[in-house]
>>> print(open('start24.cif').read())   # mmCIF, C-alpha atoms
data_model
#
loop_
_atom_site.group_PDB
_atom_site.id
_atom_site.type_symbol
_atom_site.label_atom_id
_atom_site.label_comp_id
_atom_site.auth_asym_id
_atom_site.auth_seq_id
_atom_site.Cartn_x
_atom_site.Cartn_y
_atom_site.Cartn_z
ATOM 1 C CA MET M 11 85.915 48.329 43.188
ATOM 2 C CA THR M 12 84.673 51.282 45.214
ATOM 3 C CA THR M 13 81.214 49.769 45.361
ATOM 4 C CA THR M 14 82.541 46.485 46.799
ATOM 5 C CA ASN M 15 84.466 48.422 49.378
ATOM 6 C CA VAL M 16 81.466 50.430 50.479
ATOM 7 C CA THR M 17 79.236 47.362 50.661
ATOM 8 C CA THR M 18 81.604 45.348 52.851
ATOM 9 C CA THR M 19 82.585 48.289 55.053
ATOM 10 C CA ALA M 20 78.921 48.766 55.881
ATOM 11 C CA GLU M 21 78.807 45.253 57.359
ATOM 12 C CA VAL M 22 81.849 45.621 59.584
ATOM 13 C CA VAL M 23 81.764 47.633 62.789
ATOM 14 C CA ILE M 24 85.193 49.127 63.430
ATOM 15 C CA THR M 25 85.316 49.085 67.231
ATOM 16 C CA PRO M 26 87.838 51.160 69.222
ATOM 17 C CA PHE M 27 90.056 48.067 69.527
ATOM 18 C CA LEU M 28 89.978 47.277 65.784
ATOM 19 C CA LYS M 29 90.624 50.967 65.088
ATOM 20 C CA ALA M 30 93.646 50.811 67.414
ATOM 21 C CA ILE M 31 95.077 47.911 65.387
ATOM 22 C CA THR M 32 94.752 49.865 62.147
ATOM 23 C CA GLN M 33 96.434 52.859 63.816
ATOM 24 C CA GLN M 34 99.357 50.631 64.764
ATOM 25 C CA ILE M 35 99.618 49.370 61.191
ATOM 26 C CA ARG M 36 99.446 52.903 59.786
ATOM 27 C CA ALA M 37 102.056 54.072 62.302
ATOM 28 C CA ASN M 38 104.477 51.565 60.747
ATOM 29 C CA ASP M 39 103.895 52.543 57.161
ATOM 30 C CA PRO M 40 106.851 54.774 56.271
ATOM 31 C CA TYR M 41 106.173 54.654 52.521
ATOM 32 C CA GLY M 42 102.452 55.305 52.754
ATOM 33 C CA THR M 43 101.571 51.961 51.190
ATOM 34 C CA TYR M 44 98.319 51.743 53.163
ATOM 35 C CA ARG M 45 97.343 55.393 52.850
ATOM 36 C CA ASN M 46 94.316 54.689 50.695
ATOM 37 C CA TRP M 47 93.373 51.327 52.217
ATOM 38 C CA SER M 48 90.172 50.994 54.205
ATOM 39 C CA ASP M 49 90.426 49.853 57.837
ATOM 40 C CA GLU M 50 88.705 46.658 56.861
ATOM 41 C CA LEU M 51 91.265 45.870 54.181
ATOM 42 C CA LEU M 52 94.084 46.466 56.678
ATOM 43 C CA LEU M 53 92.468 44.034 59.133
ATOM 44 C CA LYS M 54 91.785 41.340 56.544
ATOM 45 C CA PRO M 55 95.042 39.394 57.110
ATOM 46 C CA TYR M 56 93.976 38.868 60.756
ATOM 47 C CA VAL M 57 91.166 36.616 59.553
ATOM 48 C CA LEU M 58 92.233 33.075 58.731
ATOM 49 C CA SER M 59 89.934 30.090 58.297
ATOM 50 C CA LYS M 60 90.866 26.734 59.815
ATOM 51 C CA ALA M 61 91.705 25.470 56.317
ATOM 52 C CA GLN M 62 93.961 28.481 55.663
ATOM 53 C CA LYS M 63 95.735 27.915 58.970
ATOM 54 C CA ARG M 64 96.378 24.265 58.152
ATOM 55 C CA GLU M 65 98.120 25.319 54.955
ATOM 56 C CA ILE M 66 100.701 27.360 56.895
ATOM 57 C CA SER M 67 103.709 25.331 58.040
ATOM 58 C CA VAL M 68 104.591 25.622 61.733
ATOM 59 C CA GLU M 69 108.177 24.569 61.052
ATOM 60 C CA GLY M 70 110.915 27.142 61.188
ATOM 61 C CA ASP M 71 110.850 30.869 61.778
ATOM 62 C CA VAL M 72 107.821 33.112 61.988
ATOM 63 C CA ASP M 73 107.917 35.450 58.997
ATOM 64 C CA PRO M 74 108.417 39.164 59.738
ATOM 65 C CA ILE M 75 104.968 40.137 58.395
ATOM 66 C CA THR M 76 103.205 37.754 60.812
ATOM 67 C CA LYS M 77 105.462 39.052 63.598
ATOM 68 C CA GLY M 78 104.428 42.594 62.757
ATOM 69 C CA ARG M 79 100.779 41.550 62.839
ATOM 70 C CA ILE M 80 101.160 40.033 66.317
ATOM 71 C CA LEU M 81 102.984 43.145 67.518
ATOM 72 C CA ALA M 82 100.230 45.437 66.183
ATOM 73 C CA PHE M 83 97.603 43.277 67.940
ATOM 74 C CA TYR M 84 99.315 43.529 71.339
ATOM 75 C CA ARG M 85 100.251 47.200 70.856
ATOM 76 C CA ALA M 86 96.579 47.912 70.190
ATOM 77 C CA ILE M 87 95.749 46.078 73.429
ATOM 78 C CA ALA M 88 98.368 48.154 75.270
ATOM 79 C CA HIS M 89 96.933 51.325 73.740
ATOM 80 C CA ARG M 90 93.387 50.470 74.884
ATOM 81 C CA ILE M 91 94.612 49.669 78.407
ATOM 82 C CA GLU M 92 96.509 52.977 78.480
ATOM 83 C CA GLU M 93 93.369 54.837 77.433
ATOM 84 C CA GLU M 94 91.293 53.236 80.166
ATOM 85 C CA THR M 95 93.792 53.267 83.057
ATOM 86 C CA GLY M 96 96.161 56.144 82.325
ATOM 87 C CA LEU M 97 99.117 53.803 82.725
ATOM 88 C CA LEU M 98 101.968 53.828 80.215
ATOM 89 C CA CYS M 99 102.400 50.342 78.755
ATOM 90 C CA GLN M 100 105.329 48.623 77.068
ATOM 91 C CA VAL M 101 104.966 45.671 74.712
ATOM 92 C CA VAL M 102 107.508 42.895 74.317
ATOM 93 C CA ILE M 103 107.012 39.977 71.929
ATOM 94 C CA ASP M 104 109.587 37.240 72.369
ATOM 95 C CA LEU M 105 109.417 34.529 69.710
ATOM 96 C CA SER M 106 111.744 31.568 69.516
ATOM 97 C CA HIS M 107 112.689 30.125 66.150
ATOM 98 C CA GLU M 108 109.887 27.592 66.382
ATOM 99 C CA GLY M 109 106.959 29.984 66.734
ATOM 100 C CA PHE M 110 106.745 29.647 70.523
ATOM 101 C CA GLY M 111 107.163 32.554 72.849
ATOM 102 C CA TRP M 112 105.733 35.288 75.036
ATOM 103 C CA ALA M 113 103.574 38.335 74.498
ATOM 104 C CA LEU M 114 103.984 40.735 77.403
ATOM 105 C CA VAL M 115 102.342 44.078 78.090
ATOM 106 C CA PHE M 116 103.579 45.798 81.217
ATOM 107 C CA SER M 117 103.421 49.021 83.123
ATOM 108 C CA GLY M 118 105.811 49.702 85.978
ATOM 109 C CA ARG M 119 106.364 46.295 87.520
ATOM 110 C CA LEU M 120 102.932 44.924 86.637
ATOM 111 C CA LEU M 121 102.393 42.523 83.732
ATOM 112 C CA VAL M 122 98.924 43.560 82.684
ATOM 113 C CA VAL M 123 99.031 40.993 79.874
ATOM 114 C CA SER M 124 101.134 37.841 79.884
ATOM 115 C CA LYS M 125 100.434 35.283 77.158
ATOM 116 C CA THR M 126 102.368 32.274 76.026
ATOM 117 C CA LEU M 127 102.325 32.023 72.250
ATOM 118 C CA ARG M 128 102.475 28.884 70.138
ATOM 119 C CA ASP M 129 102.167 28.084 66.439
ATOM 120 C CA THR M 130 102.391 31.814 65.866
ATOM 121 C CA GLN M 131 103.049 31.154 62.180
ATOM 122 C CA ARG M 132 99.253 30.604 62.079
ATOM 123 C CA PHE M 133 98.291 33.711 64.082
ATOM 124 C CA GLY M 134 94.772 34.634 63.029
ATOM 125 C CA PHE M 135 91.091 34.648 63.957
ATOM 126 C CA ASP M 136 87.950 33.071 62.482
ATOM 127 C CA SER M 137 86.395 36.459 61.829
ATOM 128 C CA LEU M 138 86.774 40.153 62.650
ATOM 129 C CA GLU M 139 84.156 39.631 65.366
ATOM 130 C CA LYS M 140 86.381 36.966 66.949
ATOM 131 C CA LEU M 141 89.397 39.278 66.657
ATOM 132 C CA GLU M 142 87.416 42.012 68.432
ATOM 133 C CA ALA M 143 86.112 39.599 71.084
ATOM 134 C CA GLU M 144 89.547 38.144 71.845
ATOM 135 C CA GLY M 145 91.148 41.595 71.993
ATOM 136 C CA ALA M 146 88.371 43.002 74.196
ATOM 137 C CA LYS M 147 88.746 40.051 76.591
ATOM 138 C CA ILE M 148 92.493 40.617 76.991
ATOM 139 C CA VAL M 149 92.011 44.397 77.358
ATOM 140 C CA GLU M 150 89.378 43.903 80.051
ATOM 141 C CA SER M 151 91.477 41.456 82.014
ATOM 142 C CA GLY M 152 94.430 43.890 81.799
ATOM 143 C CA ILE M 153 92.317 46.795 83.049
ATOM 144 C CA ASN M 154 91.023 44.693 85.951
ATOM 145 C CA LEU M 155 94.555 43.777 86.955
ATOM 146 C CA ALA M 156 95.741 47.390 86.673
ATOM 147 C CA ASN M 157 92.867 48.492 88.922
ATOM 148 C CA ARG M 158 93.584 45.717 91.400
ATOM 149 C CA PHE M 159 97.274 46.534 91.789
ATOM 150 C CA PRO M 160 97.640 50.237 90.944
ATOM 151 C CA GLU M 161 100.713 50.557 93.125
ATOM 152 C CA VAL M 162 102.634 47.909 91.126
ATOM 153 C CA GLY M 163 101.597 49.425 87.807
ATOM 154 C CA ARG M 164 102.953 52.818 88.852
ATOM 155 C CA LEU M 165 106.301 51.615 90.221
ATOM 156 C CA MET W 1 148.999 25.732 82.541
ATOM 157 C CA THR W 2 147.607 23.886 85.542
ATOM 158 C CA THR W 3 149.673 26.068 87.861
ATOM 159 C CA THR W 4 148.335 29.272 86.337
ATOM 160 C CA ASN W 5 144.829 27.968 86.686
ATOM 161 C CA VAL W 6 145.306 27.081 90.342
ATOM 162 C CA THR W 7 146.949 30.414 91.126
ATOM 163 C CA THR W 8 144.193 32.514 89.566
ATOM 164 C CA THR W 9 141.363 30.362 90.867
ATOM 165 C CA ALA W 10 142.688 30.922 94.370
ATOM 166 C CA GLU W 11 142.207 34.668 93.925
ATOM 167 C CA VAL W 12 138.624 34.476 92.681
ATOM 168 C CA VAL W 13 135.752 33.737 94.994
ATOM 169 C CA ILE W 14 133.006 31.958 93.079
ATOM 170 C CA THR W 15 129.904 33.309 94.838
ATOM 171 C CA PRO W 16 126.470 31.633 94.504
ATOM 172 C CA PHE W 17 125.547 34.151 91.808
ATOM 173 C CA LEU W 18 128.720 33.598 89.765
ATOM 174 C CA LYS W 19 128.218 29.843 90.196
ATOM 175 C CA ALA W 20 124.669 30.224 88.879
ATOM 176 C CA ILE W 21 126.006 31.914 85.726
ATOM 177 C CA THR W 22 128.405 29.052 85.079
ATOM 178 C CA GLN W 23 125.558 26.581 85.581
ATOM 179 C CA GLN W 24 123.533 28.409 82.946
ATOM 180 C CA ILE W 25 126.480 28.269 80.539
ATOM 181 C CA ARG W 26 127.040 24.562 81.221
ATOM 182 C CA ALA W 27 123.310 23.874 80.768
ATOM 183 C CA ASN W 28 123.637 25.190 77.209
ATOM 184 C CA ASP W 29 126.657 23.149 76.265
ATOM 185 C CA PRO W 30 125.244 20.241 74.229
ATOM 186 C CA TYR W 31 128.654 19.173 72.879
ATOM 187 C CA GLY W 32 130.478 19.318 76.204
ATOM 188 C CA THR W 33 132.844 22.029 74.960
ATOM 189 C CA TYR W 34 133.182 23.516 78.440
ATOM 190 C CA ARG W 35 133.304 20.229 80.342
ATOM 191 C CA ASN W 36 136.892 20.699 81.474
ATOM 192 C CA TRP W 37 136.837 24.477 81.794
ATOM 193 C CA SER W 38 137.143 26.082 85.216
ATOM 194 C CA ASP W 39 134.320 28.365 86.413
ATOM 195 C CA GLU W 40 136.687 31.274 86.181
ATOM 196 C CA LEU W 41 137.507 30.575 82.555
ATOM 197 C CA LEU W 42 133.795 30.389 81.734
ATOM 198 C CA LEU W 43 133.216 33.767 83.379
ATOM 199 C CA LYS W 44 136.181 35.476 81.715
ATOM 200 C CA PRO W 45 134.228 36.854 78.711
ATOM 201 C CA TYR W 46 132.038 38.813 81.168
ATOM 202 C CA VAL W 47 135.018 40.971 82.029
ATOM 203 C CA LEU W 48 135.740 43.741 79.539
ATOM 204 C CA SER W 49 137.948 46.755 80.121
ATOM 205 C CA LYS W 50 136.840 50.186 78.952
ATOM 206 C CA ALA W 51 139.393 49.969 76.128
ATOM 207 C CA GLN W 52 138.057 46.560 75.058
ATOM 208 C CA LYS W 53 134.497 47.906 75.051
ATOM 209 C CA ARG W 54 135.486 50.843 72.873
ATOM 210 C CA GLU W 55 136.830 48.426 70.272
ATOM 211 C CA ILE W 56 133.422 46.757 69.877
ATOM 212 C CA SER W 57 131.171 48.458 67.341
ATOM 213 C CA VAL W 58 127.663 49.323 68.546
ATOM 214 C CA GLU W 59 126.368 49.390 64.996
ATOM 215 C CA GLY W 60 124.203 46.584 63.760
ATOM 216 C CA ASP W 61 123.075 43.372 65.399
ATOM 217 C CA VAL W 62 124.225 41.950 68.710
ATOM 218 C CA ASP W 63 126.117 38.749 67.987
ATOM 219 C CA PRO W 64 124.536 35.504 69.239
ATOM 220 C CA ILE W 65 127.385 34.780 71.680
ATOM 221 C CA THR W 66 126.917 38.133 73.435
ATOM 222 C CA LYS W 67 123.158 37.516 73.453
ATOM 223 C CA GLY W 68 123.751 34.149 75.106
ATOM 224 C CA ARG W 69 125.972 35.822 77.689
ATOM 225 C CA ILE W 70 123.257 38.356 78.572
ATOM 226 C CA LEU W 71 120.677 35.581 78.785
ATOM 227 C CA ALA W 72 122.892 33.514 81.129
ATOM 228 C CA PHE W 73 123.394 36.608 83.330
ATOM 229 C CA TYR W 74 119.656 37.251 83.717
ATOM 230 C CA ARG W 75 118.811 33.545 84.029
ATOM 231 C CA ALA W 76 121.313 33.337 86.874
ATOM 232 C CA ILE W 77 119.549 36.305 88.490
ATOM 233 C CA ALA W 78 116.189 34.554 88.028
ATOM 234 C CA HIS W 79 117.638 31.371 89.528
ATOM 235 C CA ARG W 80 118.907 33.200 92.623
ATOM 236 C CA ILE W 81 115.548 34.966 93.094
ATOM 237 C CA GLU W 82 113.779 31.602 92.763
ATOM 238 C CA GLU W 83 116.075 30.108 95.406
ATOM 239 C CA GLU W 84 115.373 32.920 97.844
ATOM 240 C CA THR W 85 111.641 33.450 97.279
ATOM 241 C CA GLY W 86 110.308 30.092 96.041
ATOM 242 C CA LEU W 87 108.754 31.845 93.040
ATOM 243 C CA LEU W 88 109.133 30.403 89.549
ATOM 244 C CA CYS W 89 110.694 33.017 87.273
ATOM 245 C CA GLN W 90 110.694 33.443 83.497
ATOM 246 C CA VAL W 91 113.329 35.410 81.608
ATOM 247 C CA VAL W 92 112.721 37.335 78.414
ATOM 248 C CA ILE W 93 115.451 39.281 76.619
ATOM 249 C CA ASP W 94 114.135 41.445 73.818
ATOM 250 C CA LEU W 95 116.859 43.060 71.720
ATOM 251 C CA SER W 96 116.259 45.265 68.723
ATOM 252 C CA HIS W 97 118.671 45.226 65.833
ATOM 253 C CA GLU W 98 120.577 48.152 67.285
ATOM 254 C CA GLY W 99 121.525 46.642 70.628
ATOM 255 C CA PHE W 100 118.685 48.311 72.516
ATOM 256 C CA GLY W 101 116.016 46.386 74.349
ATOM 257 C CA TRP W 102 114.587 44.916 77.524
ATOM 258 C CA ALA W 103 115.684 42.326 80.053
ATOM 259 C CA LEU W 104 112.669 41.068 81.980
ATOM 260 C CA VAL W 105 112.434 38.549 84.803
ATOM 261 C CA PHE W 106 108.905 37.833 85.946
ATOM 262 C CA SER W 107 106.872 35.555 88.133
ATOM 263 C CA GLY W 108 103.096 35.489 87.888
ATOM 264 C CA ARG W 109 102.197 39.064 86.987
ATOM 265 C CA LEU W 110 105.127 40.649 88.817
ATOM 266 C CA LEU W 111 108.186 41.941 86.982
ATOM 267 C CA VAL W 112 110.828 41.267 89.620
ATOM 268 C CA VAL W 113 113.492 42.620 87.242
ATOM 269 C CA SER W 114 112.873 45.119 84.468
ATOM 270 C CA LYS W 115 115.921 46.641 82.803
ATOM 271 C CA THR W 116 116.276 48.636 79.649
ATOM 272 C CA LEU W 117 119.367 47.572 77.747
ATOM 273 C CA ARG W 118 121.555 49.695 75.508
ATOM 274 C CA ASP W 119 124.824 49.177 73.665
ATOM 275 C CA THR W 120 124.459 45.506 74.491
ATOM 276 C CA GLN W 121 127.141 44.705 71.930
ATOM 277 C CA ARG W 122 129.507 45.887 74.712
ATOM 278 C CA PHE W 123 127.870 43.902 77.556
ATOM 279 C CA GLY W 124 130.563 43.344 80.159
ATOM 280 C CA PHE W 125 131.931 44.330 83.561
ATOM 281 C CA ASP W 126 135.201 45.863 84.790
ATOM 282 C CA SER W 127 135.975 42.796 86.909
ATOM 283 C CA LEU W 128 134.390 39.629 88.295
ATOM 284 C CA GLU W 129 133.820 41.545 91.531
ATOM 285 C CA LYS W 130 131.801 44.143 89.618
ATOM 286 C CA LEU W 131 129.866 41.358 87.866
ATOM 287 C CA GLU W 132 129.066 39.834 91.269
ATOM 288 C CA ALA W 133 128.155 43.224 92.777
ATOM 289 C CA GLU W 134 125.862 44.188 89.896
ATOM 290 C CA GLY W 135 124.172 40.769 89.897
ATOM 291 C CA ALA W 136 123.745 40.771 93.685
ATOM 292 C CA LYS W 137 122.181 44.239 93.538
ATOM 293 C CA ILE W 138 119.596 43.170 90.942
ATOM 294 C CA VAL W 139 118.871 39.922 92.819
ATOM 295 C CA GLU W 140 118.325 41.812 96.070
ATOM 296 C CA SER W 141 116.015 44.350 94.494
ATOM 297 C CA GLY W 142 114.051 41.484 92.883
ATOM 298 C CA ILE W 143 113.699 39.659 96.201
ATOM 299 C CA ASN W 144 112.517 42.846 97.912
ATOM 300 C CA LEU W 145 109.872 43.379 95.259
ATOM 301 C CA ALA W 146 108.731 39.748 95.454
ATOM 302 C CA ASN W 147 108.375 40.062 99.224
ATOM 303 C CA ARG W 148 106.526 43.351 98.896
ATOM 304 C CA PHE W 149 103.936 42.042 96.418
ATOM 305 C CA PRO W 150 103.717 38.280 97.030
ATOM 306 C CA GLU W 151 100.155 38.168 95.741
ATOM 307 C CA VAL W 152 101.141 39.529 92.305
ATOM 308 C CA GLY W 153 104.106 37.179 92.024
ATOM 309 C CA ARG W 154 101.859 34.178 92.665
ATOM 310 C CA LEU W 155 99.085 35.145 90.231
#
>>> encode(input="start24.cif", output="structure tokens")
Amino acid sequence: MTTTNVTTTAEVVITPFLKAITQQIRANDPYGTYRNWSDELLLKPYVLSKAQKREISVEGDVDPITKGRILAFYRAIAHRIEEETGLLCQVVIDLSHEGFGWALVFSGRLLVVSKTLRDTQRFGFDSLEKLEAEGAKIVESGINLANRFPEVGRL
Amino acid sequence: MTTTNVTTTAEVVITPFLKAITQQIRANDPYGTYRNWSDELLLKPYVLSKAQKREISVEGDVDPITKGRILAFYRAIAHRIEEETGLLCQVVIDLSHEGFGWALVFSGRLLVVSKTLRDTQRFGFDSLEKLEAEGAKIVESGINLANRFPEVGRL
């Protein structure tokens, strides 16, 4: 068991963004369930293959665990933007009953991140590398916006 | 009945903002329940005295009818800002299970309205005049912001 863990951990680079996701997950772990879990194990549910996604129904509500996963993803983005810009960011995830909605990260009156969400029941990435790449892209675009309109972000 | 209606309607001035609220309510009336209701009657639940508010528990979830009322209020604000600025606004209401949360109205990357909400179970105003005054204040502040940062609102 330990050996498997060590072997796989060696392959995965835990970037600052991936680390931020695990910190969000650990911050919402009142019973210490994840205390002894590796970062990689915590991030595993973010990786879904196309086949796995197809198996998830997009009818009806998004389950609370998936919702929590989406929230941790965008809170990690907010955290990274805060680190790089010094702004204080808020995160709001607004999901309708059909898996559609908004993910918003804002500071002052500036929406540093504004994403429409759909089929959120199937929220996931092809690999941890894709998760990192997608997160880094959103973080970078948020930082650029914050630098472009500092006055709005500090309102 | 008709007489009472006429008498009270004569006292109430239905401003563009109050009208916008009633339009939001009527837009979400799939069974035509409110078809024959006067604007004033539709707006009545927005008026709560201090004593009435005290009677409403702030423990637990906000009931869906109150949520709908808050949404109609902020959608009416968004509608008025759209009319005055030509921007297209989105409304997101994010309520936690304890009646706390955010009311956001945004266009592009600009948050024209950003309000923290609390004790939303007791959402209401002393009178229709107060409802109009509060709405007008938020609309005006939103318009000012949109005019100050047109570039962000059009992103």
>>> closest_residue(input="start24.cif", among="M:Lys29, M:His89, M:Arg45, M:Arg36", to="M:Ile153", atoms="all atoms listed in the file")
M:His89
>>> closest_residue(input="start24.cif", among="M:Leu165, M:Tyr56, M:Glu144, M:Gly78", to="M:Leu121", atoms="only C-alpha atoms")
M:Leu165
>>> interface_residues(input="start24.cif", of="chain W", to="chain M", cutoff="7 Å", atoms="all atoms listed in the file", output="number ranges by chain")
W: 92, 94, 109-111
>>> residues_around(input="start24.cif", residues="M:Phe83", least_positions_apart="3", cutoff="9 Å", atoms="only C-alpha atoms", output="PyMOL selection string")
chain M and resi 28+30-31+34+78-80+86-88+145
>>> write_last_selection(input="start24.cif", atoms="C-alpha atoms", output="PDB file, keeping the file's coordinate frame")
ATOM      1  CA  LEU M  28      89.978  47.277  65.784  1.00  0.00           C
ATOM      2  CA  ALA M  30      93.646  50.811  67.414  1.00  0.00           C
ATOM      3  CA  ILE M  31      95.077  47.911  65.387  1.00  0.00           C
ATOM      4  CA  GLN M  34      99.357  50.631  64.764  1.00  0.00           C
ATOM      5  CA  GLY M  78     104.428  42.594  62.757  1.00  0.00           C
ATOM      6  CA  ARG M  79     100.779  41.550  62.839  1.00  0.00           C
ATOM      7  CA  ILE M  80     101.160  40.033  66.317  1.00  0.00           C
ATOM      8  CA  ALA M  86      96.579  47.912  70.190  1.00  0.00           C
ATOM      9  CA  ILE M  87      95.749  46.078  73.429  1.00  0.00           C
ATOM     10  CA  ALA M  88      98.368  48.154  75.270  1.00  0.00           C
ATOM     11  CA  GLY M 145      91.148  41.595  71.993  1.00  0.00           C
TER      12      GLY M 145
END
>>> closest_residue(input="start24.cif", among="M:Thr25, M:Ser106, M:Thr32, M:Ser59", to="M:Ser137", atoms="only C-alpha atoms")
M:Ser59
>>> closest_residue(input="start24.cif", among="M:Leu98, M:Ile66, M:Val22, M:Ile148", to="M:Lys54", atoms="all atoms listed in the file")
M:Val22
>>> closest_residue(input="start24.cif", among="M:Gly152, M:Gly96, M:Gly109, M:Gly134", to="M:Val57", atoms="all atoms listed in the file")
M:Gly134
>>> closest_residue(input="start24.cif", among="W:Trp37, W:Phe123, W:Phe17, W:Phe100", to="W:Thr66", atoms="only C-alpha atoms")
W:Phe123
>>> atom_distance(input="start24.cif", atom1="atom CA of W:Pro45", atom2="atom CA of M:Glu108")
28.8 Å
>>> resolve_selection(input="start24.cif", expression="the PyMOL selection byres ((chain M and resi 69) around 12)", output="list of chain:residue names")
M:Glu65, M:Ile66, M:Ser67, M:Val68, M:Gly70, M:Asp71, M:Val72, M:Asp73, M:Ser106, M:His107, M:Glu108, M:Gly109, M:Phe110, M:Arg128, M:Asp129, M:Thr130, M:Gln131, M:Arg132
>>> atom_distance(input="start24.cif", atom1="atom CA of W:Ala146", atom2="atom CA of M:Leu81")
28.7 Å
>>> decode(input="start24.cif", residues="stretch 119-125 of chain W", atoms="all heavy atoms", output="short mmCIF file (atom, residue, chain, number, x, y, z; two decimals), in the first residue's frame")
data_model
loop_
_atom_site.label_atom_id
_atom_site.label_comp_id
_atom_site.auth_asym_id
_atom_site.auth_seq_id
_atom_site.Cartn_x
_atom_site.Cartn_y
_atom_site.Cartn_z
N ASP W 119 -29.87 37.62 7.46
CA ASP W 119 -31.25 37.47 7.95
C ASP W 119 -32.26 37.59 6.81
O ASP W 119 -33.29 38.26 6.94
CB ASP W 119 -31.56 38.51 9.03
CG ASP W 119 -30.76 38.26 10.29
OD1 ASP W 119 -30.12 37.18 10.39
OD2 ASP W 119 -30.77 39.13 11.17
N THR W 120 -31.94 36.96 5.69
CA THR W 120 -32.79 37.12 4.51
C THR W 120 -34.17 36.49 4.71
O THR W 120 -35.08 36.79 3.96
CB THR W 120 -32.14 36.50 3.27
OG1 THR W 120 -31.51 35.29 3.64
CG2 THR W 120 -31.13 37.44 2.68
N GLN W 121 -34.30 35.64 5.73
CA GLN W 121 -35.63 35.11 6.04
C GLN W 121 -36.61 36.26 6.29
O GLN W 121 -37.80 36.12 6.06
CB GLN W 121 -35.59 34.22 7.30
CG GLN W 121 -34.77 32.94 7.12
CD GLN W 121 -33.34 33.12 7.58
OE1 GLN W 121 -32.82 34.24 7.63
NE2 GLN W 121 -32.68 32.01 7.89
N ARG W 122 -36.07 37.41 6.76
CA ARG W 122 -36.90 38.57 7.10
C ARG W 122 -36.85 39.66 6.03
O ARG W 122 -37.10 40.84 6.33
CB ARG W 122 -36.43 39.15 8.44
CG ARG W 122 -36.62 38.20 9.59
CD ARG W 122 -36.06 38.78 10.88
NE ARG W 122 -36.34 37.86 11.99
CZ ARG W 122 -35.82 37.99 13.21
NH1 ARG W 122 -35.02 39.00 13.47
NH2 ARG W 122 -36.13 37.13 14.15
N PHE W 123 -36.49 39.30 4.78
CA PHE W 123 -36.38 40.29 3.71
C PHE W 123 -37.70 41.06 3.55
O PHE W 123 -38.74 40.47 3.29
CB PHE W 123 -36.04 39.58 2.41
CG PHE W 123 -35.79 40.52 1.25
CD1 PHE W 123 -34.57 41.16 1.12
CD2 PHE W 123 -36.78 40.76 0.31
CE1 PHE W 123 -34.33 42.03 0.05
CE2 PHE W 123 -36.54 41.62 -0.76
CZ PHE W 123 -35.32 42.25 -0.89
N GLY W 124 -37.63 42.36 3.72
CA GLY W 124 -38.84 43.17 3.59
C GLY W 124 -38.54 44.62 3.91
O GLY W 124 -37.44 44.95 4.39
N PHE W 125 -39.51 45.49 3.65
CA PHE W 125 -39.32 46.93 3.80
C PHE W 125 -40.49 47.50 4.61
O PHE W 125 -41.58 46.95 4.60
CB PHE W 125 -39.25 47.59 2.42
CG PHE W 125 -38.13 47.03 1.59
CD1 PHE W 125 -38.30 45.86 0.86
CD2 PHE W 125 -36.89 47.65 1.56
CE1 PHE W 125 -37.26 45.32 0.10
CE2 PHE W 125 -35.85 47.13 0.81
CZ PHE W 125 -36.03 45.96 0.08
#
